[in-house]
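Data from work-v3.csv: CSV, C-alpha atoms
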chain,number,residue,atom,x,y,z
P,258,MET,CA,0.0,0.0,0.0
P,259,SER,CA,1.4,3.4,-0.9
P,260,ASP,CA,1.8,6.3,1.5
P,261,ARG,CA,-0.9,8.1,-0.4
P,262,ASP,CA,-3.4,5.3,0.1
P,263,ALA,CA,-2.4,4.8,3.8
P,264,ALA,CA,-2.9,8.5,4.5
P,265,PHE,CA,-6.2,8.6,2.7
P,266,GLU,CA,-7.4,5.4,4.4
P,267,ALA,CA,-6.6,6.9,7.9
P,268,TYR,CA,-8.4,10.1,7.0
P,269,PHE,CA,-11.4,8.2,5.7
P,270,ALA,CA,-11.6,6.0,8.9
P,271,ALA,CA,-11.4,9.1,11.1
P,272,ARG,CA,-14.0,11.3,9.4
P,273,ALA,CA,-16.5,9.1,7.4
P,274,ASP,CA,-19.0,8.8,10.3
P,275,ALA,CA,-19.0,12.5,11.0
P,276,MET,CA,-19.5,13.3,7.3
P,277,ARG,CA,-22.3,10.6,7.1
P,278,GLY,CA,-24.1,12.5,9.9
P,279,THR,CA,-23.8,15.8,8.1
P,280,ALA,CA,-24.9,14.2,4.8
P,281,TYR,CA,-28.0,12.7,6.6
P,282,LEU,CA,-28.9,16.2,7.8
P,283,LEU,CA,-28.6,17.5,4.3
P,284,CYS,CA,-30.7,14.8,2.6
P,285,GLY,CA,-32.7,13.1,5.3
P,286,ASP,CA,-32.1,9.6,4.1
P,287,TRP,CA,-29.4,7.2,5.4
P,288,HIS,CA,-28.9,5.5,2.1
P,289,ARG,CA,-28.6,8.7,0.2
P,290,ALA,CA,-26.3,10.0,2.9
P,291,GLU,CA,-24.0,7.0,2.4
P,292,ASP,CA,-24.0,7.6,-1.4
P,293,LEU,CA,-23.1,11.3,-0.8
P,294,VAL,CA,-20.3,10.3,1.5
P,295,GLN,CA,-19.0,7.8,-1.0
P,296,GLN,CA,-19.1,10.3,-3.9
P,297,THR,CA,-17.4,12.9,-1.7
P,298,PHE,CA,-14.6,10.6,-0.6
P,299,THR,CA,-14.1,9.4,-4.2
P,300,LYS,CA,-13.6,13.0,-5.2
P,301,ILE,CA,-11.2,13.6,-2.3
P,302,TYR,CA,-9.2,10.4,-3.2
P,303,LEU,CA,-8.9,11.5,-6.8
P,304,ALA,CA,-7.6,14.9,-5.7
P,305,TRP,CA,-5.5,13.6,-2.8
P,306,ARG,CA,-2.1,14.2,-4.5
P,307,ARG,CA,-3.0,17.8,-5.4
P,308,ILE,CA,-4.1,18.7,-1.9
P,309,GLN,CA,-1.1,20.5,-0.4
P,310,ARG,CA,-2.5,21.4,3.1
P,311,HIS,CA,-3.9,18.2,4.7
P,312,GLU,CA,-4.6,20.2,7.9
P,313,VAL,CA,-7.6,21.8,6.3
P,314,MET,CA,-9.0,18.5,5.0
P,315,ASP,CA,-12.2,18.7,7.1
P,316,SER,CA,-13.2,22.0,5.6
P,317,TYR,CA,-12.4,20.8,2.1
P,318,THR,CA,-14.3,17.5,2.6
P,319,ARG,CA,-17.3,19.4,4.1
P,320,GLN,CA,-17.3,21.7,1.1
P,321,THR,CA,-17.1,18.8,-1.3
P,322,LEU,CA,-20.0,17.1,0.5
P,323,VAL,CA,-22.3,20.1,0.4
P,324,ARG,CA,-21.5,20.9,-3.2
P,325,THR,CA,-22.1,17.3,-4.2
P,326,PHE,CA,-25.5,17.5,-2.4
P,327,LEU,CA,-26.5,20.8,-4.0
P,328,SER,CA,-25.3,19.6,-7.5
P,329,GLU,CA,-27.4,16.4,-7.1
P,330,ARG,CA,-30.4,18.5,-6.1
P,331,ARG,CA,-30.0,20.9,-9.1
P,332,ARG,CA,-29.9,17.9,-11.5
P,333,GLY,CA,-33.2,16.8,-10.0
P,334,TRP,CA,-32.0,13.3,-9.1
P,335,PHE,CA,-34.4,12.9,-6.2
P,336,ARG,CA,-36.9,15.6,-7.1
P,337,ASN,CA,-40.0,13.4,-6.9
P,338,GLU,CA,-39.1,11.6,-3.7
P,339,SER,CA,-40.8,12.5,-0.5
P,340,VAL,CA,-38.1,12.0,2.0
P,341,GLY,CA,-39.7,13.8,5.0
P,342,SER,CA,-42.7,11.5,5.3
P,343,SER,CA,-40.6,8.3,5.4
P,344,LEU,CA,-38.1,9.4,8.1
P,345,ARG,CA,-39.9,7.6,10.9
P,346,ASP,CA,-39.9,4.4,9.0
P,347,GLN,CA,-36.1,4.3,8.5
P,348,ALA,CA,-33.6,2.7,10.7
P,349,ALA,CA,-31.4,5.3,12.5
P,350,PRO,CA,-28.0,4.8,14.2
P,351,SER,CA,-29.7,5.2,17.6
P,352,ALA,CA,-32.9,3.5,18.4
P,353,ASP,CA,-33.8,5.9,21.1
P,354,LEU,CA,-34.3,9.1,19.0
P,355,ALA,CA,-36.6,11.5,20.7
P,356,GLU,CA,-39.9,12.4,19.1
P,357,ASP,CA,-38.8,16.1,19.0
P,358,ARG,CA,-35.6,15.2,17.0
P,359,LEU,CA,-37.7,13.2,14.5
P,360,VAL,CA,-40.1,16.1,14.0
P,361,LEU,CA,-37.1,18.5,13.6
P,362,LEU,CA,-35.4,16.2,11.1
P,363,GLU,CA,-38.7,15.8,9.1
P,364,ALA,CA,-39.1,19.6,9.0
P,365,LEU,CA,-35.4,20.1,8.0
P,366,VAL,CA,-35.7,17.9,4.9
P,367,LYS,CA,-38.5,20.2,3.7
P,368,VAL,CA,-36.3,23.3,3.8
P,369,PRO,CA,-35.0,24.2,0.4
P,370,PRO,CA,-31.6,22.6,-0.3
P,371,ARG,CA,-29.4,25.8,-0.2
P,372,GLN,CA,-31.0,27.0,3.0
P,373,ARG,CA,-30.7,23.6,4.5
P,374,ALA,CA,-27.0,23.5,3.6
P,375,VAL,CA,-26.5,26.8,5.4
P,376,LEU,CA,-28.5,25.7,8.5
P,377,VAL,CA,-26.5,22.4,8.7
P,378,LEU,CA,-23.1,24.1,8.3
P,379,ARG,CA,-23.9,27.0,10.6
P,380,TYR,CA,-25.8,25.2,13.4
P,381,TRP,CA,-24.9,21.5,13.2
P,382,GLU,CA,-21.2,21.8,12.0
P,383,ASP,CA,-20.8,25.1,14.0
P,384,GLN,CA,-19.1,26.9,11.2
P,385,SER,CA,-18.9,30.7,11.2
P,386,VAL,CA,-20.6,32.9,8.7
P,387,GLU,CA,-17.3,33.4,6.9
P,388,GLN,CA,-16.5,29.7,6.9
P,389,THR,CA,-19.9,28.8,5.6
P,390,ALA,CA,-19.6,31.4,2.9
P,391,ALA,CA,-16.2,30.0,1.8
P,392,LEU,CA,-17.6,26.4,1.8
P,393,LEU,CA,-20.6,27.4,-0.3
P,394,ASP,CA,-18.6,29.9,-2.5
P,395,CYS,CA,-20.9,32.8,-1.7
P,396,SER,CA,-20.9,36.0,0.3
P,397,ALA,CA,-21.3,36.4,4.0
P,398,GLY,CA,-24.5,38.3,3.3
P,399,THR,CA,-25.9,35.4,1.3
P,400,VAL,CA,-25.2,33.1,4.2
P,401,LYS,CA,-27.0,35.4,6.7
P,402,SER,CA,-30.0,35.8,4.4
P,403,GLN,CA,-30.2,32.1,3.6
P,404,ALA,CA,-29.9,31.3,7.4
P,405,ALA,CA,-32.6,33.7,8.2
P,406,ARG,CA,-34.9,32.4,5.5
P,407,GLY,CA,-34.1,28.8,6.4
P,408,LEU,CA,-34.8,29.3,10.1
P,409,ALA,CA,-38.1,31.1,9.2
P,410,THR,CA,-39.1,28.2,7.0
P,411,LEU,CA,-38.1,25.7,9.7
P,412,ARG,CA,-40.1,27.6,12.3
P,413,GLY,CA,-43.1,27.6,10.0
P,414,LEU,CA,-42.9,23.9,9.4
P,415,LEU,CA,-42.6,23.2,13.1
P,416,GLU,CA,-45.6,25.4,13.8
P,417,GLU,CA,-47.6,23.5,11.2
P,418,GLU,CA,-46.6,20.3,13.0
P,419,LYS,CA,-47.9,21.6,16.3
P,420,VAL,CA,-51.3,22.4,14.8
P,421,ARG,CA,-51.7,18.8,13.6

Show the structure stored in the file as structure tokens.
Amino acid sequence: MSDRDAAFEAYFAARADAMRGTAYLLCGDWHRAEDLVQQTFTKIYLAWRRIQRHEVMDSYTRQTLVRTFLSERRRGWFRNESVGSSLRDQAAPSADLAEDRLVLLEALVKVPPRQRAVLVLRYWEDQSVEQTAALLDCSAGTVKSQAARGLATLRGLLEEEKVR
């Protein structure tokens, strides 16, 4: 095994689960999350020799994951699928997920993809506005407006759930 392969294998082993969790928050489906992570790490592996600063790999990997998700959404790959309604039926890593968490996750998958990406990066991944802007290749103002719109959408969806 080459040094390149060994370094990549170690990085994959250390970060794949965390990226899978982020991917799940983006798409709301464990199988799609796994596919997104596989696509992301394939892209990372192909670029591994060109990456000079391995100390910023998490940021680069997160950026690749989010861009892969957004690109997939733009192509309409899963456009007709209703992910939110099937979340309760899917197996999750932890069997004891609270009802509130399920309701929140169901609402999150209904938020438009770009807004969802901002919400996941800002509030789940705890990225700053500037870091999120760099990851999404947009301005800090766009991140702020997308976060505000995404939170408003999420609040509206959660209010609708309370009424039911």

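Picture a line from atom CA of Arg379 of chain P to atom CA of Thr399 of chain P; it runs 12.7 Å.
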
message = Using only C-alpha atoms for the distances, tell me which of P:Arg324, P:Arg330, P:Arg373, P:Arg406 is nearest to Asp394 of chain P.
response = P:Arg324

ask   = Between P:Ala290, P:Ala264, P:Met276, P:Ala374, which one has atoms that come closest to Arg306 of chain P, using all atoms listed in the file?
value = P:Ala264

inquiry  = Using all atoms listed in the file and a cutoff of 7 Å, can you tell me which residues are near (-10.7, 10.3, 2.8) in the file's coordinates, and write them out as a ChimeraX atom specification?
reply    = /P:265-266,268-269,298,301-302

ask   = If we count all atoms listed in the file, what is near Thr389 of chain P at a cut-off of 7 Å, once residues fewer than 4 positions away on the same chain are taken out, given as a ChimeraX atom specification?
value = /P:375,378-379,384-385,393,400

Limited to C-alpha atoms, could you put the picked residues into a file as a short mmCIF file (atom, residue, chain, number, x, y, z; two decimals), in the frame of the given file?
data_model
loop_
_atom_site.label_atom_id
_atom_site.label_comp_id
_atom_site.auth_asym_id
_atom_site.auth_seq_id
_atom_site.Cartn_x
_atom_site.Cartn_y
_atom_site.Cartn_z
CA VAL P 375 -26.50 26.80 5.40
CA LEU P 378 -23.10 24.10 8.30
CA ARG P 379 -23.90 27.00 10.60
CA GLN P 384 -19.10 26.90 11.20
CA SER P 385 -18.90 30.70 11.20
CA LEU P 393 -20.60 27.40 -0.30
CA VAL P 400 -25.20 33.10 4.20
#

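Shortest atom-to-atom contact with Leu327 of chain P among P:Ala275, P:Leu414, P:Ala270, P:Ala280: P:Ala280, counting all atoms listed in the file.
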
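For the pair atom CA of Gln388 of chain P and atom CA of Ser316 of chain P, the interatomic distance is 8.5 Å.
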